[in-house]
Amino acid sequence: MRTISAGAITETVARLCVQANTHLPPDIVSALDAARGSEPWPLAKETLNLLWDNLELSEEKELPVCQDTGMACVFVELGQEVHIDGDFEQAIHQGVRQGYGEGYLRKSIVGDPLRRVNTEDNTPAAITVRLVPGDGCAITVAPKGFGSENMSRLGMLKPADGVEGVKAFVVDTVRQAGSNPCPPIVLGIGIGGSFDKVAYLAKHALLRPIDQPNPDPFYAQLERELLEEINGLGVGPQGFGGRTTCLGLSIEAAPTHVAGLPVAVNVSCHVTRRATAQL
């Protein structure tokens with residue numbers, strides 16, 4: 001049995017909150033760079049270059065890559081042979097509190113969805129824990145802005161809708177979103193499970209680098225087909241047209257009921273943020 005202190009959890013989460021908000025992951029940086037080099041539409045190319053300038057400035061000056069520093073979504077893979085010395089969830093919330101305070105990051109969380117009073121420290125975090133074998137603890141902080149989150153959708157399709165129904169739902173989600181989620185976007189797509197599980201699959205899919213296709217060739221092919229069709233919509237960067245509407249997408253699938261075909265699309269903008277640490 002390995003012991004990890006609550007203090008170590010707090011320190012790690014605080015650091016990851018700042019890192020995720022000021023430094024985009026390499027796969028997103030590479031995709032954005034490739035897009036600005038290959039985009040044929042002049043206005044779209046100029047827009048992508050402006051986004052690139054913003055990225056470089058944020059890296060240089062350690063400033064947030066987006067004014068919306070998001071809800072702190074914290075994903076934990078906790079080894080079954082790990083003992084946490086202290087209150088695990090409170091340690092994560094304290095890490096968010098410290099990170100958003102010390103990093104001068106915008107606090108956007110309200111304590112109640114209807115009474116709308118800001119908690120003033122960006123807590124509570126949205127925590128997802130998965131137990132895994134071993135004595136390690138991997139923590140990923142993925143801040144999620146709501147300009148893109150609000151464009152996400154969940155649908156309970158009929159099994160007869162099949163692959164074409166799923167594709168139509170995903171593409172229609174992007175079409176309806178238009179310029180609202182600050183394209184170019186990144187999509188996490190969940191297929192299967194239950195009403196609640198499919199939303200998790202879609203959010204978790206955003207943690208996989210977009211340059212890593214689904215290990216199942218069937219879903220890898222579906223990812224390629226969807227990306228091509230979405231970029232054929234002509235929405236383009238910031239909605240100014242062109243072929244760079246989506247930088248990449250990832251699909252996660254799970255077993256489901258014989259009578260169901262749940263589908264969820266979690267929309268993220270070009271500043272898809274995540275940072276991971278191993279304890």
# chains A, B, ... in the order shown; residues from 1 in each chain; ligands from 1
>>> closest_atom_pairs(of="segment 39-98 of chain A", to="segment 242-266 of chain A", cutoff="9 Å", atoms="only C-alpha atoms", output="tab-separated table")
residue	atom	partner	partner_atom	distance
A:Glu39	CA	A:Arg243	CA	6.6
A:Pro40	CA	A:Gly242	CA	7.1
A:Trp41	CA	A:Gly242	CA	5.2
A:Pro42	CA	A:Gly242	CA	8.3
A:Leu43	CA	A:Gly242	CA	8.0
A:Ala44	CA	A:Gly242	CA	5.6
A:Lys45	CA	A:Gly242	CA	8.2
A:Leu48	CA	A:Thr244	CA	8.9
>>> write_last_selection(atoms="N, CA and C atoms", output="PDB file, in the first residue's frame")
ATOM      1  N   GLU A  39      -4.680  26.099 -44.882  1.00  0.00           N
ATOM      2  CA  GLU A  39      -5.981  26.739 -45.134  1.00  0.00           C
ATOM      3  C   GLU A  39      -5.919  27.612 -46.390  1.00  0.00           C
ATOM      4  N   PRO A  40      -6.769  27.323 -47.401  1.00  0.00           N
ATOM      5  CA  PRO A  40      -6.712  28.067 -48.664  1.00  0.00           C
ATOM      6  C   PRO A  40      -7.482  29.392 -48.664  1.00  0.00           C
ATOM      7  N   TRP A  41      -8.472  29.543 -47.782  1.00  0.00           N
ATOM      8  CA  TRP A  41      -9.306  30.732 -47.791  1.00  0.00           C
ATOM      9  C   TRP A  41      -8.585  31.874 -47.070  1.00  0.00           C
ATOM     10  N   PRO A  42      -8.294  33.018 -47.747  1.00  0.00           N
ATOM     11  CA  PRO A  42      -7.462  34.082 -47.156  1.00  0.00           C
ATOM     12  C   PRO A  42      -7.943  34.582 -45.796  1.00  0.00           C
ATOM     13  N   LEU A  43      -9.242  34.849 -45.641  1.00  0.00           N
ATOM     14  CA  LEU A  43      -9.745  35.362 -44.374  1.00  0.00           C
ATOM     15  C   LEU A  43      -9.586  34.331 -43.266  1.00  0.00           C
ATOM     16  N   ALA A  44      -9.840  33.060 -43.604  1.00  0.00           N
ATOM     17  CA  ALA A  44      -9.680  31.994 -42.621  1.00  0.00           C
ATOM     18  C   ALA A  44      -8.213  31.842 -42.231  1.00  0.00           C
ATOM     19  N   LYS A  45      -7.322  31.949 -43.219  1.00  0.00           N
ATOM     20  CA  LYS A  45      -5.886  31.833 -42.939  1.00  0.00           C
ATOM     21  C   LYS A  45      -5.420  32.973 -42.039  1.00  0.00           C
ATOM     22  N   LEU A  48      -6.592  32.249 -38.502  1.00  0.00           N
ATOM     23  CA  LEU A  48      -5.773  31.226 -37.860  1.00  0.00           C
ATOM     24  C   LEU A  48      -4.420  31.790 -37.439  1.00  0.00           C
TER      25      LEU A  48
END
>>> residues_around(residues="Thr10 of chain A", least_positions_apart="6", cutoff="6 Å", atoms="only C-alpha atoms", output="list in words")
Ala91, Ile92, Gln94 and Gly95 of chain A
>>> residues_around(residues="segment 17-22 of chain A", least_positions_apart="6", cutoff="6 Å", atoms="only C-alpha atoms", output="list in words")
Glu62, Leu63, Pro64, Val65, Gly99, Gly103, Arg273, Arg274 and Ala275 of chain A
>>> write_last_selection(atoms="all heavy atoms", output="mmCIF file, in the first residue's frame")
data_model
loop_
_atom_site.group_PDB
_atom_site.id
_atom_site.type_symbol
_atom_site.label_atom_id
_atom_site.label_comp_id
_atom_site.auth_asym_id
_atom_site.auth_seq_id
_atom_site.Cartn_x
_atom_site.Cartn_y
_atom_site.Cartn_z
ATOM 1 N N GLU A 62 3.110 33.763 -20.074
ATOM 2 C CA GLU A 62 2.446 32.951 -19.057
ATOM 3 C C GLU A 62 1.054 33.490 -18.735
ATOM 4 O O GLU A 62 0.638 33.578 -17.574
ATOM 5 C CB GLU A 62 3.292 32.895 -17.777
ATOM 6 C CG GLU A 62 4.625 32.198 -17.938
ATOM 7 C CD GLU A 62 4.508 30.683 -18.025
ATOM 8 O OE1 GLU A 62 3.584 30.134 -17.397
ATOM 9 O OE2 GLU A 62 5.323 30.058 -18.727
ATOM 10 N N LEU A 63 0.318 33.836 -19.794
ATOM 11 C CA LEU A 63 -1.041 34.344 -19.646
ATOM 12 C C LEU A 63 -2.035 33.309 -20.151
ATOM 13 O O LEU A 63 -1.687 32.459 -20.974
ATOM 14 C CB LEU A 63 -1.212 35.650 -20.427
ATOM 15 C CG LEU A 63 -0.410 36.852 -19.907
ATOM 16 C CD1 LEU A 63 -0.513 38.012 -20.896
ATOM 17 C CD2 LEU A 63 -0.915 37.270 -18.535
ATOM 18 N N PRO A 64 -3.293 33.345 -19.701
ATOM 19 C CA PRO A 64 -4.286 32.378 -20.182
ATOM 20 C C PRO A 64 -4.473 32.459 -21.695
ATOM 21 O O PRO A 64 -4.488 33.553 -22.267
ATOM 22 C CB PRO A 64 -5.565 32.795 -19.440
ATOM 23 C CG PRO A 64 -5.085 33.500 -18.218
ATOM 24 C CD PRO A 64 -3.838 34.211 -18.636
ATOM 25 N N VAL A 65 -4.631 31.307 -22.312
ATOM 26 C CA VAL A 65 -4.834 31.266 -23.760
ATOM 27 C C VAL A 65 -6.239 31.704 -24.132
ATOM 28 O O VAL A 65 -6.523 31.988 -25.294
ATOM 29 C CB VAL A 65 -4.568 29.848 -24.328
ATOM 30 C CG1 VAL A 65 -3.110 29.483 -24.189
ATOM 31 C CG2 VAL A 65 -5.448 28.810 -23.647
ATOM 32 N N GLY A 99 -4.801 27.300 -7.338
ATOM 33 C CA GLY A 99 -4.340 27.518 -8.706
ATOM 34 C C GLY A 99 -5.007 28.708 -9.365
ATOM 35 O O GLY A 99 -4.339 29.541 -10.008
ATOM 36 N N GLY A 103 -2.763 31.956 -9.850
ATOM 37 C CA GLY A 103 -2.548 32.167 -11.280
ATOM 38 C C GLY A 103 -3.336 33.334 -11.852
ATOM 39 O O GLY A 103 -3.260 33.596 -13.053
ATOM 40 N N ARG A 273 -7.903 22.481 -23.573
ATOM 41 C CA ARG A 273 -6.853 22.508 -22.566
ATOM 42 C C ARG A 273 -6.870 21.251 -21.693
ATOM 43 O O ARG A 273 -7.919 20.796 -21.309
ATOM 44 C CB ARG A 273 -7.044 23.753 -21.682
ATOM 45 C CG ARG A 273 -6.865 25.058 -22.416
ATOM 46 C CD ARG A 273 -7.540 26.219 -21.718
ATOM 47 N NE ARG A 273 -8.994 26.188 -21.842
ATOM 48 C CZ ARG A 273 -9.803 27.145 -21.397
ATOM 49 N NH1 ARG A 273 -9.292 28.196 -20.775
ATOM 50 N NH2 ARG A 273 -11.105 27.047 -21.549
ATOM 51 N N ARG A 274 -5.701 20.759 -21.431
ATOM 52 C CA ARG A 274 -5.543 19.643 -20.493
ATOM 53 C C ARG A 274 -4.092 19.558 -20.057
ATOM 54 O O ARG A 274 -3.183 19.850 -20.836
ATOM 55 C CB ARG A 274 -5.981 18.309 -21.112
ATOM 56 C CG ARG A 274 -5.466 18.045 -22.509
ATOM 57 C CD ARG A 274 -5.981 16.715 -23.049
ATOM 58 N NE ARG A 274 -6.317 16.739 -24.455
ATOM 59 C CZ ARG A 274 -5.460 16.712 -25.449
ATOM 60 N NH1 ARG A 274 -4.168 16.684 -25.207
ATOM 61 N NH2 ARG A 274 -5.863 16.720 -26.703
ATOM 62 N N ALA A 275 -3.884 19.186 -18.837
ATOM 63 C CA ALA A 275 -2.540 18.973 -18.304
ATOM 64 C C ALA A 275 -2.605 17.817 -17.323
ATOM 65 O O ALA A 275 -3.534 17.726 -16.515
ATOM 66 C CB ALA A 275 -2.028 20.237 -17.614
#
>>> select_by_dssp(residues="segment 11-220 of chain A", states="helix (DSSP H, G or I)", output="JSON, numbers by chain")
{"A": [11, 12, 13, 14, 15, 16, 17, 18, 19, 20, 21, 22, 26, 27, 28, 29, 30, 31, 32, 33, 34, 35, 36, 37, 38, 42, 43, 44, 45, 46, 47, 48, 49, 50, 51, 52, 53, 54, 55, 56, 57, 58, 59, 60, 61, 88, 89, 90, 91, 92, 93, 94, 95, 96, 97, 98, 99, 100, 101, 102, 146, 147, 148, 149, 159, 160, 161, 162, 163, 164, 165, 166, 167, 168, 169, 170, 171, 172, 173, 174, 175, 176, 177, 195, 196, 197, 198, 199, 200, 201, 202, 203, 204, 205, 217, 218, 219, 220]}
>>> closest_residue(among="A:Ala126, A:Leu222, A:Ile230, A:Ile185", to="Gln90 of chain A", atoms="only C-alpha atoms")
A:Ala126
>>> closest_residue(among="A:Leu78, A:Leu105, A:Val13, A:Leu157", to="Ala125 of chain A", atoms="only C-alpha atoms")
A:Val13
>>> closest_atom_pairs(of="segment 109-151 of chain A", to="segment 194-213 of chain A", cutoff="12 Å", atoms="only C-alpha atoms", output="Markdown table")
| residue | atom | partner | partner_atom | distance |
| --- | --- | --- | --- | --- |
| A:Ala126 | CA | A:Lys203 | CA | 11.5 |
| A:Ile127 | CA | A:Tyr200 | CA | 11.4 |
| A:Thr128 | CA | A:Tyr200 | CA | 9.0 |
| A:Val129 | CA | A:Tyr200 | CA | 11.5 |
| A:Arg130 | CA | A:His204 | CA | 11.4 |
| A:Ile139 | CA | A:Leu207 | CA | 11.5 |
| A:Thr140 | CA | A:Leu207 | CA | 8.4 |
| A:Val141 | CA | A:Leu207 | CA | 9.6 |
| A:Ala142 | CA | A:Leu207 | CA | 7.9 |
| A:Pro143 | CA | A:Leu207 | CA | 11.2 |
| A:Lys144 | CA | A:Lys203 | CA | 9.8 |
| A:Glu149 | CA | A:Lys203 | CA | 9.9 |
>>> write_last_selection(atoms="N, CA and C atoms", output="short mmCIF file (atom, residue, chain, number, x, y, z; two decimals), in the first residue's frame")
data_model
loop_
_atom_site.label_atom_id
_atom_site.label_comp_id
_atom_site.auth_asym_id
_atom_site.auth_seq_id
_atom_site.Cartn_x
_atom_site.Cartn_y
_atom_site.Cartn_z
N ALA A 126 -15.29 19.84 -10.98
CA ALA A 126 -16.05 18.67 -11.44
C ALA A 126 -15.09 17.48 -11.44
N ILE A 127 -15.28 16.57 -10.51
CA ILE A 127 -14.31 15.50 -10.27
C ILE A 127 -14.84 14.16 -10.79
N THR A 128 -14.00 13.47 -11.54
CA THR A 128 -14.32 12.11 -12.00
C THR A 128 -13.17 11.20 -11.60
N VAL A 129 -13.48 10.14 -10.85
CA VAL A 129 -12.45 9.22 -10.37
C VAL A 129 -12.69 7.83 -10.95
N ARG A 130 -11.61 7.23 -11.46
CA ARG A 130 -11.69 5.86 -11.94
C ARG A 130 -10.62 5.04 -11.22
N ILE A 139 -3.47 12.48 -12.46
CA ILE A 139 -4.46 13.56 -12.38
C ILE A 139 -4.38 14.39 -13.65
N THR A 140 -5.54 14.59 -14.28
CA THR A 140 -5.64 15.47 -15.44
C THR A 140 -6.61 16.59 -15.14
N VAL A 141 -6.16 17.81 -15.32
CA VAL A 141 -7.04 18.97 -15.20
C VAL A 141 -7.36 19.47 -16.60
N ALA A 142 -8.65 19.53 -16.91
CA ALA A 142 -9.10 19.94 -18.23
C ALA A 142 -10.12 21.08 -18.08
N PRO A 143 -9.66 22.32 -17.99
CA PRO A 143 -10.59 23.44 -17.85
C PRO A 143 -11.52 23.52 -19.06
N LYS A 144 -12.80 23.74 -18.83
CA LYS A 144 -13.78 23.74 -19.92
C LYS A 144 -14.57 25.04 -19.91
N GLU A 149 -18.95 24.58 -24.36
CA GLU A 149 -19.73 23.58 -23.62
C GLU A 149 -21.22 23.72 -23.90
#
>>> decode(residues="segment 216-242 of chain A", atoms="C-alpha atoms", output="mmCIF file, in the first residue's frame")
data_model
loop_
_atom_site.group_PDB
_atom_site.id
_atom_site.type_symbol
_atom_site.label_atom_id
_atom_site.label_comp_id
_atom_site.auth_asym_id
_atom_site.auth_seq_id
_atom_site.Cartn_x
_atom_site.Cartn_y
_atom_site.Cartn_z
ATOM 1 C CA ASP A 216 -10.389 0.149 -33.116
ATOM 2 C CA PRO A 217 -10.047 0.470 -36.930
ATOM 3 C CA PHE A 218 -13.823 0.765 -37.291
ATOM 4 C CA TYR A 219 -13.993 3.839 -35.069
ATOM 5 C CA ALA A 220 -10.739 5.240 -36.451
ATOM 6 C CA GLN A 221 -12.350 5.207 -39.901
ATOM 7 C CA LEU A 222 -15.494 6.836 -38.508
ATOM 8 C CA GLU A 223 -13.332 9.584 -36.968
ATOM 9 C CA ARG A 224 -11.745 10.279 -40.359
ATOM 10 C CA GLU A 225 -15.091 10.340 -42.156
ATOM 11 C CA LEU A 226 -16.651 12.691 -39.627
ATOM 12 C CA LEU A 227 -13.681 15.072 -39.695
ATOM 13 C CA GLU A 228 -13.830 15.293 -43.480
ATOM 14 C CA GLU A 229 -17.580 15.887 -43.513
ATOM 15 C CA ILE A 230 -17.446 18.504 -40.755
ATOM 16 C CA ASN A 231 -14.669 20.435 -42.462
ATOM 17 C CA GLY A 232 -16.777 20.396 -45.609
ATOM 18 C CA LEU A 233 -19.464 22.487 -43.878
ATOM 19 C CA GLY A 234 -17.550 25.686 -44.573
ATOM 20 C CA VAL A 235 -18.014 27.213 -41.105
ATOM 21 C CA GLY A 236 -14.295 27.863 -40.784
ATOM 22 C CA PRO A 237 -12.261 29.693 -38.137
ATOM 23 C CA GLN A 238 -14.483 31.976 -36.057
ATOM 24 C CA GLY A 239 -17.224 31.330 -38.622
ATOM 25 C CA PHE A 240 -15.430 33.224 -41.426
ATOM 26 C CA GLY A 241 -15.514 30.327 -43.889
ATOM 27 C CA GLY A 242 -12.795 27.996 -45.099
#
